[in-house]
Amino acid sequence: MIRLAALAFALAASAALAHSEKEIVVPAENAVVEGSPEIIGMTFDGAMRITAITLKGPDGAPRALARTDRMAPVLEFRATPEPLAPGSYRVDWKGISTDGHMMEGGWSFTVK
């Protein structure tokens, strides 16, 4: 009985300490978009401060992104890319959730 109570407490504690998760990306992961996207974006289920974001093109070179978040924690991160030529692109990001967890991720999309 004590073991069950300890397990229940541990599960409840780990749920309470859960960090923000990326829910939506724009363009969608593995999407093929018609023309250059106007926005590169992410939506989180909890506030996230994006500390680094890169957009790399088909040649592996980084592309410019104009951020709007001023490095503040946000639920919706948005950046405007320079016009993108057809090809495959990769977005990689790092951030800190409001509970202090370091997070990172990425996704790819193709401009037709």
# chains A, B, ... in the order shown; residues from 1 in each chain; ligands from 1

$ residues_around --residues "Glu76 in chain A" --least-positions-apart "5" --cutoff "8 Å" --atoms "only C-alpha atoms" --output "NGL selection string"
:A and (41-44)

$ write_last_selection --atoms "N, CA and C atoms" --output "mmCIF file, in the first residue's frame"
data_model
loop_
_atom_site.group_PDB
_atom_site.id
_atom_site.type_symbol
_atom_site.label_atom_id
_atom_site.label_comp_id
_atom_site.auth_asym_id
_atom_site.auth_seq_id
_atom_site.Cartn_x
_atom_site.Cartn_y
_atom_site.Cartn_z
ATOM 1 N N GLY A 41 6.961 29.830 -37.768
ATOM 2 C CA GLY A 41 6.381 29.973 -36.438
ATOM 3 C C GLY A 41 6.241 28.677 -35.667
ATOM 4 N N MET A 42 6.080 28.843 -34.358
ATOM 5 C CA MET A 42 5.853 27.726 -33.445
ATOM 6 C C MET A 42 4.844 28.165 -32.393
ATOM 7 N N THR A 43 3.984 27.244 -32.004
ATOM 8 C CA THR A 43 3.046 27.483 -30.920
ATOM 9 C C THR A 43 3.330 26.450 -29.845
ATOM 10 N N PHE A 44 3.397 26.904 -28.597
ATOM 11 C CA PHE A 44 3.702 26.046 -27.452
ATOM 12 C C PHE A 44 2.511 25.991 -26.508
#

$ residues_around --residues "Trp93 in chain A" --least-positions-apart "3" --cutoff "6 Å" --atoms "only C-alpha atoms" --output "PyMOL selection string"
chain A and resi 52-53+104-105

$ write_last_selection --atoms "C-alpha atoms" --output "PDB file, in the first residue's frame"
ATOM      1  CA  ALA A  52      18.277  30.597 -30.816  1.00  0.00           C
ATOM      2  CA  ILE A  53      16.628  29.865 -34.141  1.00  0.00           C
ATOM      3  CA  GLU A 104      15.361  22.247 -28.553  1.00  0.00           C
ATOM      4  CA  GLY A 105      13.899  20.900 -31.728  1.00  0.00           C
TER       5      GLY A 105
END

$ closest_residue --among "A:Pro27, A:Pro73, A:Pro81, A:Gly87" --to "Thr54 in chain A" --atoms "only C-alpha atoms"
A:Pro81

$ residues_around --residues "Glu38 in chain A" --least-positions-apart "6" --cutoff "12 Å" --atoms "only C-alpha atoms" --output "list in words"
Val26, Pro27, Leu65, Ala66, Arg78, Ala79, Thr80, Pro81, Glu82, Pro83, Leu84 and Val111 of chain A

$ write_last_selection --atoms "N, CA and C atoms" --output "tab-separated table (two decimals), in the first residue's frame"
chain	number	residue	atom	x	y	z
A	26	VAL	N	4.84	26.24	-38.27
A	26	VAL	CA	4.44	26.84	-39.54
A	26	VAL	C	5.70	27.21	-40.30
A	27	PRO	N	5.85	26.73	-41.54
A	27	PRO	CA	5.06	25.73	-42.23
A	27	PRO	C	5.08	24.40	-41.48
A	65	LEU	N	16.21	35.74	-40.57
A	65	LEU	CA	14.88	35.71	-39.95
A	65	LEU	C	14.72	36.97	-39.11
A	66	ALA	N	13.61	37.68	-39.27
A	66	ALA	CA	13.31	38.84	-38.45
A	66	ALA	C	12.34	38.40	-37.35
A	78	ARG	N	6.95	33.90	-33.71
A	78	ARG	CA	6.83	34.19	-35.13
A	78	ARG	C	8.09	34.91	-35.61
A	79	ALA	N	8.55	34.55	-36.80
A	79	ALA	CA	9.67	35.23	-37.44
A	79	ALA	C	9.37	35.31	-38.94
A	80	THR	N	9.85	36.36	-39.55
A	80	THR	CA	9.64	36.56	-40.99
A	80	THR	C	10.94	36.24	-41.71
A	81	PRO	N	10.89	35.30	-42.66
A	81	PRO	CA	12.11	34.98	-43.41
A	81	PRO	C	12.28	35.91	-44.60
A	82	GLU	N	13.51	35.99	-45.09
A	82	GLU	CA	13.75	36.63	-46.37
A	82	GLU	C	13.02	35.78	-47.42
A	83	PRO	N	12.74	36.30	-48.62
A	83	PRO	CA	12.10	35.46	-49.64
A	83	PRO	C	12.94	34.21	-49.91
A	84	LEU	N	12.27	33.07	-49.91
A	84	LEU	CA	12.95	31.78	-50.07
A	84	LEU	C	12.73	31.21	-51.47
A	111	VAL	N	9.94	24.38	-50.21
A	111	VAL	CA	9.30	25.44	-51.00
A	111	VAL	C	9.27	24.95	-52.43

$ closest_residue --among "A:Met102, A:Asp92, A:Phe109, A:Val32" --to "Leu55 in chain A" --atoms "only C-alpha atoms"
A:Asp92

$ select_by_dssp --residues "chain A" --states "alpha helix (DSSP H)" --output "list in words"
Ile2, Arg3, Leu4, Ala5, Ala6, Leu7, Ala8, Phe9, Ala10, Leu11, Ala12, Ala13, Ser14, Ala15 and Ala16 of chain A

$ residues_around --residues "Tyr89 in chain A" --least-positions-apart "5" --cutoff "10 Å" --atoms "only C-alpha atoms" --output "ChimeraX atom specification"
/A:30,55-63,84,107-111

$ atom_distance --atom1 "CA of Ser88 in chain A" --atom2 "CA of Gly35 in chain A"
12.1 Å

$ atom_distance --atom1 "CA of Glu34 in chain A" --atom2 "CA of Leu75 in chain A"
26.7 Å

$ select_by_dssp --residues "chain A" --states "strand (DSSP E)" --output "ChimeraX atom specification"
/A:22-26,32-33,40-56,62-63,65-67,74-81,87-97,102-111

$ write_last_selection --atoms "C-alpha atoms" --output "mmCIF file, in the first residue's frame"
data_model
loop_
_atom_site.group_PDB
_atom_site.id
_atom_site.type_symbol
_atom_site.label_atom_id
_atom_site.label_comp_id
_atom_site.auth_asym_id
_atom_site.auth_seq_id
_atom_site.Cartn_x
_atom_site.Cartn_y
_atom_site.Cartn_z
ATOM 1 C CA LYS A 22 5.820 22.450 -29.145
ATOM 2 C CA GLU A 23 2.325 21.913 -30.521
ATOM 3 C CA ILE A 24 2.198 23.542 -33.957
ATOM 4 C CA VAL A 25 4.839 24.619 -36.481
ATOM 5 C CA VAL A 26 4.437 26.841 -39.542
ATOM 6 C CA VAL A 32 5.511 21.318 -49.414
ATOM 7 C CA VAL A 33 4.467 24.969 -49.699
ATOM 8 C CA ILE A 40 8.190 30.733 -39.659
ATOM 9 C CA GLY A 41 6.381 29.973 -36.438
ATOM 10 C CA MET A 42 5.853 27.726 -33.445
ATOM 11 C CA THR A 43 3.046 27.483 -30.920
ATOM 12 C CA PHE A 44 3.702 26.046 -27.452
ATOM 13 C CA ASP A 45 1.364 24.851 -24.697
ATOM 14 C CA GLY A 46 3.318 26.964 -22.179
ATOM 15 C CA ALA A 47 5.438 30.101 -22.499
ATOM 16 C CA MET A 48 8.854 29.573 -24.091
ATOM 17 C CA ARG A 49 11.781 31.976 -24.527
ATOM 18 C CA ILE A 50 13.416 31.110 -27.853
ATOM 19 C CA THR A 51 17.141 31.634 -27.319
ATOM 20 C CA ALA A 52 18.277 30.597 -30.816
ATOM 21 C CA ILE A 53 16.628 29.865 -34.141
ATOM 22 C CA THR A 54 18.205 29.112 -37.509
ATOM 23 C CA LEU A 55 16.737 28.591 -40.945
ATOM 24 C CA LYS A 56 19.056 26.804 -43.372
ATOM 25 C CA PRO A 62 21.619 30.174 -42.907
ATOM 26 C CA ARG A 63 18.833 32.484 -44.073
ATOM 27 C CA LEU A 65 14.881 35.712 -39.954
ATOM 28 C CA ALA A 66 13.309 38.842 -38.448
ATOM 29 C CA ARG A 67 12.026 37.964 -34.959
ATOM 30 C CA VAL A 74 5.819 33.637 -25.687
ATOM 31 C CA LEU A 75 3.169 31.042 -26.441
ATOM 32 C CA GLU A 76 3.398 31.839 -30.162
ATOM 33 C CA PHE A 77 6.803 32.510 -31.720
ATOM 34 C CA ARG A 78 6.830 34.188 -35.133
ATOM 35 C CA ALA A 79 9.668 35.232 -37.442
ATOM 36 C CA THR A 80 9.638 36.563 -40.987
ATOM 37 C CA PRO A 81 12.110 34.975 -43.412
ATOM 38 C CA GLY A 87 14.189 23.912 -52.257
ATOM 39 C CA SER A 88 14.319 22.141 -48.898
ATOM 40 C CA TYR A 89 14.711 24.129 -45.677
ATOM 41 C CA ARG A 90 15.481 23.224 -42.077
ATOM 42 C CA VAL A 91 14.487 25.151 -38.943
ATOM 43 C CA ASP A 92 16.357 24.431 -35.682
ATOM 44 C CA TRP A 93 15.584 26.160 -32.396
ATOM 45 C CA LYS A 94 16.575 26.229 -28.728
ATOM 46 C CA GLY A 95 14.657 27.737 -25.859
ATOM 47 C CA ILE A 96 13.960 27.847 -22.148
ATOM 48 C CA SER A 97 10.506 27.013 -20.820
ATOM 49 C CA MET A 102 16.232 23.798 -21.809
ATOM 50 C CA MET A 103 14.393 22.670 -24.918
ATOM 51 C CA GLU A 104 15.361 22.247 -28.553
ATOM 52 C CA GLY A 105 13.899 20.900 -31.728
ATOM 53 C CA GLY A 106 13.514 21.388 -35.426
ATOM 54 C CA TRP A 107 11.616 20.549 -38.544
ATOM 55 C CA SER A 108 11.932 20.642 -42.312
ATOM 56 C CA PHE A 109 9.746 21.883 -45.127
ATOM 57 C CA THR A 110 10.054 22.367 -48.900
ATOM 58 C CA VAL A 111 9.297 25.436 -51.005
#

$ atom_distance --atom1 "CA of Glu21 in chain A" --atom2 "CA of Ala64 in chain A"
25.2 Å
